[in-house]
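Listing of query_15.tsv; format and content: TSV, C-alpha atoms.
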```
chain	number	residue	atom	x	y	z
A	1	MET	CA	31.73	42.75	4.84
A	2	SER	CA	32.89	45.40	2.34
A	3	PHE	CA	34.48	42.69	0.22
A	4	GLU	CA	31.34	40.51	0.35
A	5	ILE	CA	29.01	43.42	-0.49
A	6	SER	CA	31.15	44.52	-3.45
A	7	PHE	CA	31.29	40.93	-4.68
A	8	PHE	CA	27.48	40.65	-4.37
A	9	ILE	CA	26.89	43.91	-6.26
A	10	ALA	CA	29.29	42.85	-9.02
A	11	ASN	CA	27.39	39.60	-9.54
A	12	ILE	CA	23.80	40.79	-9.03
A	13	VAL	CA	23.84	42.44	-12.46
A	14	LYS	CA	24.10	38.94	-13.96
A	15	PHE	CA	20.74	37.96	-12.49
A	16	PHE	CA	18.71	38.97	-15.57
A	17	HIS	CA	21.34	37.54	-17.92
A	18	GLY	CA	20.91	33.92	-16.91
A	19	GLY	CA	21.82	34.10	-13.25
A	20	PHE	CA	18.20	33.58	-12.24
A	21	VAL	CA	18.42	29.96	-13.47
A	22	ALA	CA	20.97	29.07	-10.80
A	23	ILE	CA	18.89	30.91	-8.17
A	24	ILE	CA	15.74	28.99	-9.14
A	25	ILE	CA	17.56	25.65	-9.00
A	26	ALA	CA	19.09	26.45	-5.60
A	27	VAL	CA	15.79	27.63	-4.14
A	28	SER	CA	13.98	24.54	-5.50
A	29	ILE	CA	16.51	22.16	-3.96
A	30	LEU	CA	16.39	24.04	-0.65
A	31	PHE	CA	12.59	23.95	-0.66
A	32	ILE	CA	12.51	20.19	-1.29
A	33	MET	CA	15.02	19.61	1.52
A	34	TYR	CA	12.87	21.66	3.88
A	35	LEU	CA	9.71	19.76	2.89
A	36	TRP	CA	11.44	16.43	3.40
A	37	ASP	CA	12.75	17.36	6.84
A	38	ARG	CA	9.48	18.97	7.95
A	39	ALA	CA	7.42	15.97	6.81
A	40	HIS	CA	9.74	13.66	8.74
A	41	VAL	CA	9.26	15.74	11.89
A	42	ILE	CA	5.47	15.64	11.51
A	43	ARG	CA	5.40	11.89	10.95
A	44	VAL	CA	7.69	11.15	13.92
A	45	ARG	CA	5.53	13.36	16.13
A	46	TYR	CA	2.50	11.13	15.60
A	47	GLU	CA	4.27	7.78	15.15
A	48	GLU	CA	2.95	5.16	17.55
A	49	PHE	CA	5.20	2.41	18.90
A	50	VAL	CA	4.15	-0.50	21.08
A	51	PRO	CA	6.17	-3.02	23.13
A	52	LEU	CA	6.70	-6.15	21.09
A	53	ASN	CA	6.66	-8.29	24.25
A	54	ASN	CA	2.91	-7.66	24.56
A	55	TYR	CA	2.27	-9.48	21.25
A	56	LEU	CA	4.73	-12.37	21.41
A	57	LYS	CA	2.04	-14.82	22.51
A	58	LEU	CA	-0.31	-13.83	19.68
A	59	LEU	CA	2.40	-14.07	17.02
A	60	THR	CA	3.57	-17.46	18.32
A	61	GLN	CA	0.00	-18.74	18.41
A	62	LEU	CA	-0.58	-17.49	14.88
A	63	SER	CA	2.55	-19.19	13.52
A	64	GLN	CA	1.32	-22.53	14.94
A	65	ASP	CA	-2.36	-22.20	14.02
A	66	PRO	CA	-3.25	-25.03	11.58
A	67	ASP	CA	-6.44	-23.29	10.44
A	68	VAL	CA	-4.63	-20.26	9.01
A	69	PRO	CA	-2.90	-20.73	5.61
A	70	LYS	CA	0.81	-19.96	5.58
A	71	TYR	CA	1.65	-16.54	4.19
A	72	ALA	CA	5.42	-17.10	4.03
A	73	SER	CA	8.07	-19.22	5.69
A	74	ASN	CA	10.01	-16.11	6.66
A	75	LEU	CA	8.08	-12.85	6.76
A	76	VAL	CA	10.33	-9.77	6.85
A	77	CYS	CA	8.84	-6.42	7.90
A	78	LEU	CA	10.91	-3.27	7.46
A	79	SER	CA	10.75	-1.18	10.62
A	80	LYS	CA	11.79	2.36	11.53
A	81	CYS	CA	11.82	1.93	15.29
A	82	PRO	CA	15.18	2.68	16.96
A	83	ASN	CA	14.18	0.79	20.12
A	84	SER	CA	15.00	-2.92	19.86
A	85	LYS	CA	12.08	-3.78	22.17
A	86	GLU	CA	9.35	-1.89	20.30
A	87	ILE	CA	7.65	-1.95	16.91
A	88	GLU	CA	5.28	0.25	14.96
A	89	ARG	CA	1.64	-0.34	15.72
A	90	LYS	CA	0.77	-0.32	12.01
A	91	ILE	CA	3.02	-3.35	11.41
A	92	LEU	CA	1.23	-5.40	14.05
A	93	TYR	CA	-2.10	-4.27	12.62
A	94	PHE	CA	-0.96	-5.59	9.23
A	95	LEU	CA	0.14	-8.92	10.71
A	96	LEU	CA	-2.76	-9.61	13.07
A	97	ASP	CA	-5.86	-7.61	12.16
A	98	LYS	CA	-5.74	-7.22	8.40
A	99	ARG	CA	-6.10	-10.89	7.52
A	100	PRO	CA	-3.66	-12.71	9.87
A	101	LYS	CA	-0.29	-13.41	8.25
A	102	LYS	CA	1.03	-16.81	9.30
A	103	ALA	CA	4.78	-17.40	9.07
A	104	ASP	CA	7.33	-19.74	10.58
A	105	ILE	CA	9.59	-16.84	11.57
A	106	TYR	CA	8.73	-13.15	11.84
A	107	TRP	CA	11.68	-10.87	11.08
A	108	PHE	CA	11.58	-7.18	11.99
A	109	VAL	CA	14.48	-5.34	10.39
A	110	ASP	CA	15.52	-1.77	11.13
A	111	VAL	CA	18.16	-0.19	8.86
A	112	ASN	CA	20.20	2.64	10.41
A	113	VAL	CA	22.58	4.67	8.24
A	114	THR	CA	25.60	5.81	10.24
A	115	ASP	CA	28.22	8.50	9.72
A	116	GLU	CA	31.02	5.94	9.44
A	117	PRO	CA	31.29	5.27	5.71
A	118	TYR	CA	32.03	1.52	5.80
A	119	GLN	CA	30.39	0.37	9.02
A	120	ALA	CA	28.56	-2.97	8.65
A	121	GLU	CA	27.23	-4.32	11.94
A	122	TYR	CA	24.03	-5.83	13.25
A	123	THR	CA	22.37	-6.76	16.52
A	124	VAL	CA	19.80	-9.49	17.15
A	125	GLU	CA	16.94	-9.54	19.66
A	126	LYS	CA	15.02	-12.84	19.88
A	127	PHE	CA	12.75	-12.12	22.88
A	128	ASN	CA	13.50	-15.65	24.20
A	129	THR	CA	11.65	-17.14	21.23
A	130	ASN	CA	12.60	-19.08	18.11
A	131	ASN	CA	10.19	-17.44	15.70
A	132	ILE	CA	10.27	-13.69	16.46
A	133	ILE	CA	13.50	-11.86	15.66
A	134	LYS	CA	14.28	-8.16	15.50
A	135	ILE	CA	17.45	-7.11	13.72
A	136	GLN	CA	19.02	-3.68	13.75
A	137	LEU	CA	21.44	-3.07	10.89
A	138	LYS	CA	24.06	-0.35	11.19
A	139	LEU	CA	25.32	0.44	7.71
A	140	GLY	CA	27.70	3.21	6.70
A	141	PHE	CA	26.57	5.70	4.09
A	142	ARG	CA	28.99	4.17	1.56
A	143	ILE	CA	27.55	0.66	1.95
A	144	ASP	CA	24.95	-0.58	-0.54
A	145	GLN	CA	21.83	-1.64	1.33
A	146	ASN	CA	21.54	-5.13	-0.17
A	147	LEU	CA	19.02	-6.32	2.37
A	148	ASN	CA	18.47	-9.69	0.73
A	149	VAL	CA	22.17	-10.57	0.90
A	150	PHE	CA	22.57	-9.33	4.46
A	151	LEU	CA	19.52	-11.20	5.73
A	152	ARG	CA	20.68	-14.43	4.13
A	153	GLN	CA	24.03	-14.06	5.89
A	154	ILE	CA	22.41	-13.29	9.24
A	155	SER	CA	19.89	-16.12	9.03
A	156	THR	CA	22.61	-18.61	8.05
A	157	GLU	CA	24.74	-17.55	11.01
A	158	LEU	CA	21.79	-17.91	13.38
A	159	VAL	CA	21.12	-21.44	12.13
A	160	GLU	CA	24.78	-22.44	12.39
A	161	ASN	CA	24.92	-21.03	15.95
A	162	GLY	CA	21.85	-23.04	16.91
A	163	GLU	CA	19.81	-19.92	17.69
A	164	ILE	CA	17.03	-20.86	15.26
A	165	GLU	CA	16.00	-24.18	13.79
A	166	PRO	CA	16.70	-24.90	10.10
A	167	GLN	CA	13.66	-25.10	7.87
A	168	SER	CA	13.02	-28.08	5.61
A	169	ASN	CA	12.99	-27.07	1.97
A	170	SER	CA	12.40	-30.03	-0.32
A	171	TYR	CA	11.93	-28.00	-3.49
A	172	SER	CA	15.22	-26.20	-3.94
A	173	ILE	CA	18.21	-26.41	-6.27
A	174	LEU	CA	20.51	-25.24	-3.46
A	175	PRO	CA	21.67	-28.25	-1.43
A	176	ASN	CA	22.95	-26.25	1.56
A	177	ARG	CA	19.98	-23.93	1.93
A	178	LYS	CA	19.21	-23.52	5.63
A	179	LEU	CA	15.89	-21.66	5.49
A	180	GLY	CA	12.85	-21.51	3.25
A	181	ASP	CA	11.38	-18.65	1.28
A	182	PHE	CA	11.57	-15.00	2.35
A	183	ARG	CA	8.85	-12.44	1.75
A	184	PHE	CA	9.53	-8.75	2.34
A	185	VAL	CA	6.82	-6.30	3.40
A	186	PHE	CA	7.02	-2.51	3.10
A	187	ILE	CA	4.44	-0.31	4.81
A	188	GLN	CA	3.72	2.65	2.52
A	189	GLU	CA	1.83	5.50	4.16
A	190	ILE	CA	-0.83	7.68	2.60
A	191	LEU	CA	-2.43	10.69	4.26
A	192	SER	CA	-5.91	9.91	5.54
A	193	HIS	CA	-8.85	12.23	4.93
A	194	ASP	CA	-9.58	12.02	8.67
A	195	ALA	CA	-6.25	13.61	9.57
A	196	THR	CA	-6.69	16.99	11.23
A	197	LEU	CA	-3.57	18.98	10.47
A	198	SER	CA	-2.95	22.58	9.61
A	199	ALA	CA	-3.17	23.56	5.96
A	200	TRP	CA	0.61	23.97	5.76
A	201	ASP	CA	1.41	20.60	7.37
A	202	SER	CA	-1.08	18.88	5.07
A	203	PHE	CA	0.56	20.55	2.07
A	204	VAL	CA	4.01	19.45	3.26
A	205	LEU	CA	2.98	15.81	3.71
A	206	ASN	CA	1.05	15.62	0.44
A	207	THR	CA	3.97	17.17	-1.43
A	208	LYS	CA	6.42	14.67	0.02
A	209	LEU	CA	4.15	11.74	-0.82
A	210	PHE	CA	3.83	13.10	-4.36
A	211	ILE	CA	7.61	13.41	-4.77
A	212	GLN	CA	8.08	9.86	-3.47
A	213	LYS	CA	6.20	8.54	-6.49
A	214	PHE	CA	9.13	9.59	-8.68
A	215	THR	CA	11.91	8.33	-6.42
A	216	ALA	CA	13.42	4.85	-6.35
A	217	SER	CA	11.06	2.12	-5.22
A	218	PRO	CA	11.79	0.37	-1.89
A	219	SER	CA	12.63	-2.87	-3.69
A	220	ASN	CA	15.28	-1.11	-5.79
A	221	TRP	CA	16.67	0.86	-2.86
A	222	PHE	CA	17.18	-2.26	-0.70
A	223	GLY	CA	18.36	-4.52	-3.52
A	224	LEU	CA	15.21	-6.66	-3.59
A	225	ASP	CA	14.49	-6.56	-7.32
A	226	THR	CA	14.42	-10.36	-7.60
A	227	SER	CA	12.81	-11.02	-4.20
A	228	ASP	CA	9.21	-11.51	-3.18
A	229	VAL	CA	8.14	-8.00	-2.13
A	230	TYR	CA	4.72	-6.85	-0.95
A	231	ILE	CA	3.86	-3.19	-0.45
A	232	GLU	CA	1.06	-2.49	2.02
A	233	ARG	CA	-0.58	0.95	1.89
A	234	VAL	CA	-1.89	2.23	5.18
A	235	PRO	CA	-3.48	5.62	5.98
A	236	MET	CA	-1.77	8.09	8.31
A	237	PHE	CA	-4.27	9.24	10.92
A	238	LEU	CA	-2.47	12.35	12.12
A	239	GLY	CA	-3.98	14.70	14.64
A	240	HIS	CA	-7.26	14.23	16.45
A	241	SER	CA	-10.30	14.19	14.22
A	242	ASN	CA	-13.74	15.18	15.45
A	243	ARG	CA	-15.63	12.02	14.68
A	244	VAL	CA	-19.33	12.20	14.11
A	245	ILE	CA	-21.23	9.65	16.18
A	246	LEU	CA	-24.44	8.47	14.60
A	247	LYS	CA	-27.54	8.29	16.73
A	248	ARG	CA	-30.00	5.54	16.05
A	249	VAL	CA	-33.56	6.69	15.56
A	250	ASP	CA	-36.17	3.93	15.44
A	251	GLN	CA	-38.93	4.51	12.98
A	252	ILE	CA	-42.45	4.43	14.31
A	253	ILE	CA	-44.69	2.46	12.02
A	254	ALA	CA	-48.17	3.89	12.02
A	255	LYS	CA	-50.94	1.37	12.37
A	256	LYS	CA	-53.62	1.40	9.73
```
Structure encoded using structure tokens:
Amino acid sequence: MSFEISFFIANIVKFFHGGFVAIIIAVSILFIMYLWDRAHVIRVRYEEFVPLNNYLKLLTQLSQDPDVPKYASNLVCLSKCPNSKEIERKILYFLLDKRPKKADIYWFVDVNVTDEPYQAEYTVEKFNTNNIIKIQLKLGFRIDQNLNVFLRQISTELVENGEIEPQSNSYSILPNRKLGDFRFVFIQEILSHDATLSAWDSFVLNTKLFIQKFTASPSNWFGLDTSDVYIERVPMFLGHSNRVILKRVDQIIAKK
């Protein structure tokens, strides 16, 4: 301790001679890291997951409905659910309630970054169907997350193994193409005005969302620059808001 205190005193005199710059940078980085971690904890606390088995019939019916125009041959939704049997409620709301999205195959992909630098594995859950597939990717932190390339490899292997049917694609310059077009969907959250959080938690979430505007876009991060990408913005309803219920009051028309 004597050595550390003497070392601290010897260097503290440099604070007003430029040392404050390093302190400001360190504190700023530490503050951003804290905001990022705290915002993640708040979001996970209110994240709502639902069993995907409860919606298999609806998704299958939608993919075969002739009255609904096709949204994509292969619709890929990026998920953050660690459970292979569940999915975020907001994704199902996007697919079913907010103008139904018809597709031949619904892909739900969850990307997990592992501590092993070069791990590259995946698992497949088909729910005993041919049109609803959930994939969990386990990628090491040194692996580039080229989602387009990985999904092409996985889908080709599934077709070759007979796990899914090949899709007819008459308008293609690739003679050996097994599946049709892919469309990727990212759910981007924004904080709702109806969210009832503490002032500090609201500041943390709003700050993180503001910083995200200057970070890499999801299409760049996952190597989807040349792919068909759609970003859906949904509000985060965090906390329990005190909703005002309107009461109908019938007007009495006076007789002349």
- [ ] Find the residues around A:Gln61 up to 12 Å (only C-alpha atoms counted), leave out those fewer than 2 positions away in its own chain, and share them as number ranges by chain.
- [x] A: 55-59, 63-68, 96, 100-105, 131-132
Task: atom CA of A:Ile87 to atom CA of A:Phe186, distance in Å rounded to a single decimal - done: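 Computing the Euclidean distance for atom CA of A:Ile87 and atom CA of A:Phe186 yields 13.8 Å.
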If you take every atom of stretch 213-221 of chain A that the file lists and fit an axis-aligned box around them with 5 Å extra on each side, what centre and edge lengths come out in Å to one decimal, as lines of an AutoDock Vina configuration file?
```
center_x = 11.4
center_y = 3.4
center_z = -5.3
size_x = 20.5
size_y = 22.5
size_z = 16.8
```
Open item on the list: Can you tell me which residues surround stretch 111-123 of chain A at a distance of at most 9 Å, considering all atoms listed in the file, apart from same-chain residues fewer than 4 positions away, and format the answer as JSON, numbers by chain?
Closed with: {"A": [78, 79, 80, 82, 84, 134, 135, 136, 137, 138, 139, 140, 141, 142, 143, 145, 147, 154]}
Would you mind exporting C-alpha atoms of the selected residues as a PDB file, keeping the file's coordinate frame?
```pdb
ATOM      1  CA  LEU A  78      10.910  -3.270   7.460  1.00  0.00           C
ATOM      2  CA  SER A  79      10.750  -1.180  10.620  1.00  0.00           C
ATOM      3  CA  LYS A  80      11.790   2.360  11.530  1.00  0.00           C
ATOM      4  CA  PRO A  82      15.180   2.680  16.960  1.00  0.00           C
ATOM      5  CA  SER A  84      15.000  -2.920  19.860  1.00  0.00           C
ATOM      6  CA  LYS A 134      14.280  -8.160  15.500  1.00  0.00           C
ATOM      7  CA  ILE A 135      17.450  -7.110  13.720  1.00  0.00           C
ATOM      8  CA  GLN A 136      19.020  -3.680  13.750  1.00  0.00           C
ATOM      9  CA  LEU A 137      21.440  -3.070  10.890  1.00  0.00           C
ATOM     10  CA  LYS A 138      24.060  -0.350  11.190  1.00  0.00           C
ATOM     11  CA  LEU A 139      25.320   0.440   7.710  1.00  0.00           C
ATOM     12  CA  GLY A 140      27.700   3.210   6.700  1.00  0.00           C
ATOM     13  CA  PHE A 141      26.570   5.700   4.090  1.00  0.00           C
ATOM     14  CA  ARG A 142      28.990   4.170   1.560  1.00  0.00           C
ATOM     15  CA  ILE A 143      27.550   0.660   1.950  1.00  0.00           C
ATOM     16  CA  GLN A 145      21.830  -1.640   1.330  1.00  0.00           C
ATOM     17  CA  LEU A 147      19.020  -6.320   2.370  1.00  0.00           C
ATOM     18  CA  ILE A 154      22.410 -13.290   9.240  1.00  0.00           C
TER      19      ILE A 154
END
```
Task: Residue among A:Asn146, A:Asn220, A:Gln153, A:Asn11 lying closest to A:Arg177, counting only C-alpha atoms - done: A:Gln153
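Relative to atom CA of A:Cys77, atom CA of A:Ile91 is found at 7.5 Å.
Each of A:Ser2, A:Asn130, A:Thr156, A:Asn74 was checked against A:Val185 using all atoms listed in the file; the smallest atom-to-atom distance is that of A:Asn74.
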TODO: Considering all atoms listed in the file, state which residue in the set A:Ile24, A:Leu95, A:Cys81, A:Ala10 is at the smallest distance from A:Glu47.
DONE: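 The shortest atom-to-atom distance to A:Glu47 comes from A:Cys81.
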TODO: Check the smallest atom-to-atom distance from each of A:Ile164, A:Val149, A:Leu158, A:Ala72 to A:Phe184 using all atoms listed in the file, then report the winner.
DONE: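 That would be A:Ala72, the residue with the smallest distance to A:Phe184.
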Open item on the list: Report, in Å with one decimal, the straight-line distance from atom CA of A:Val109 to atom CA of A:Pro166.
Closed with: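 Taking atom CA of A:Val109 and atom CA of A:Pro166, their separation equals 19.7 Å.
Near (6.8, -5.9, 18.4), the residues that fall inside 7 Å on the basis of only C-alpha atoms are Val50, Pro51, Leu52, Asn53, Tyr55, Lys85, Glu86 and Ile87 of chain A.
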Task: Which residue of A:Ser73, A:Ser217, A:Asn83, A:Asn206 approaches A:Leu35 most closely, using all atoms listed in the file - done: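 Smallest distance to A:Leu35 is found for A:Asn206.
Of the listed residues A:Arg89, A:Ala39, A:Phe16, A:Val27, the one whose atoms come nearest to A:Asn54 is A:Arg89, with distances taken using only C-alpha atoms.
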TODO: Take the point (-6.6, 0.4, 10.5) as written in the file and pick out every residue within 8 Å of it, counting all atoms listed in the file; give the list as a list in words.
DONE: Lys90, Tyr93, Lys98, Val234 and Pro235 of chain A
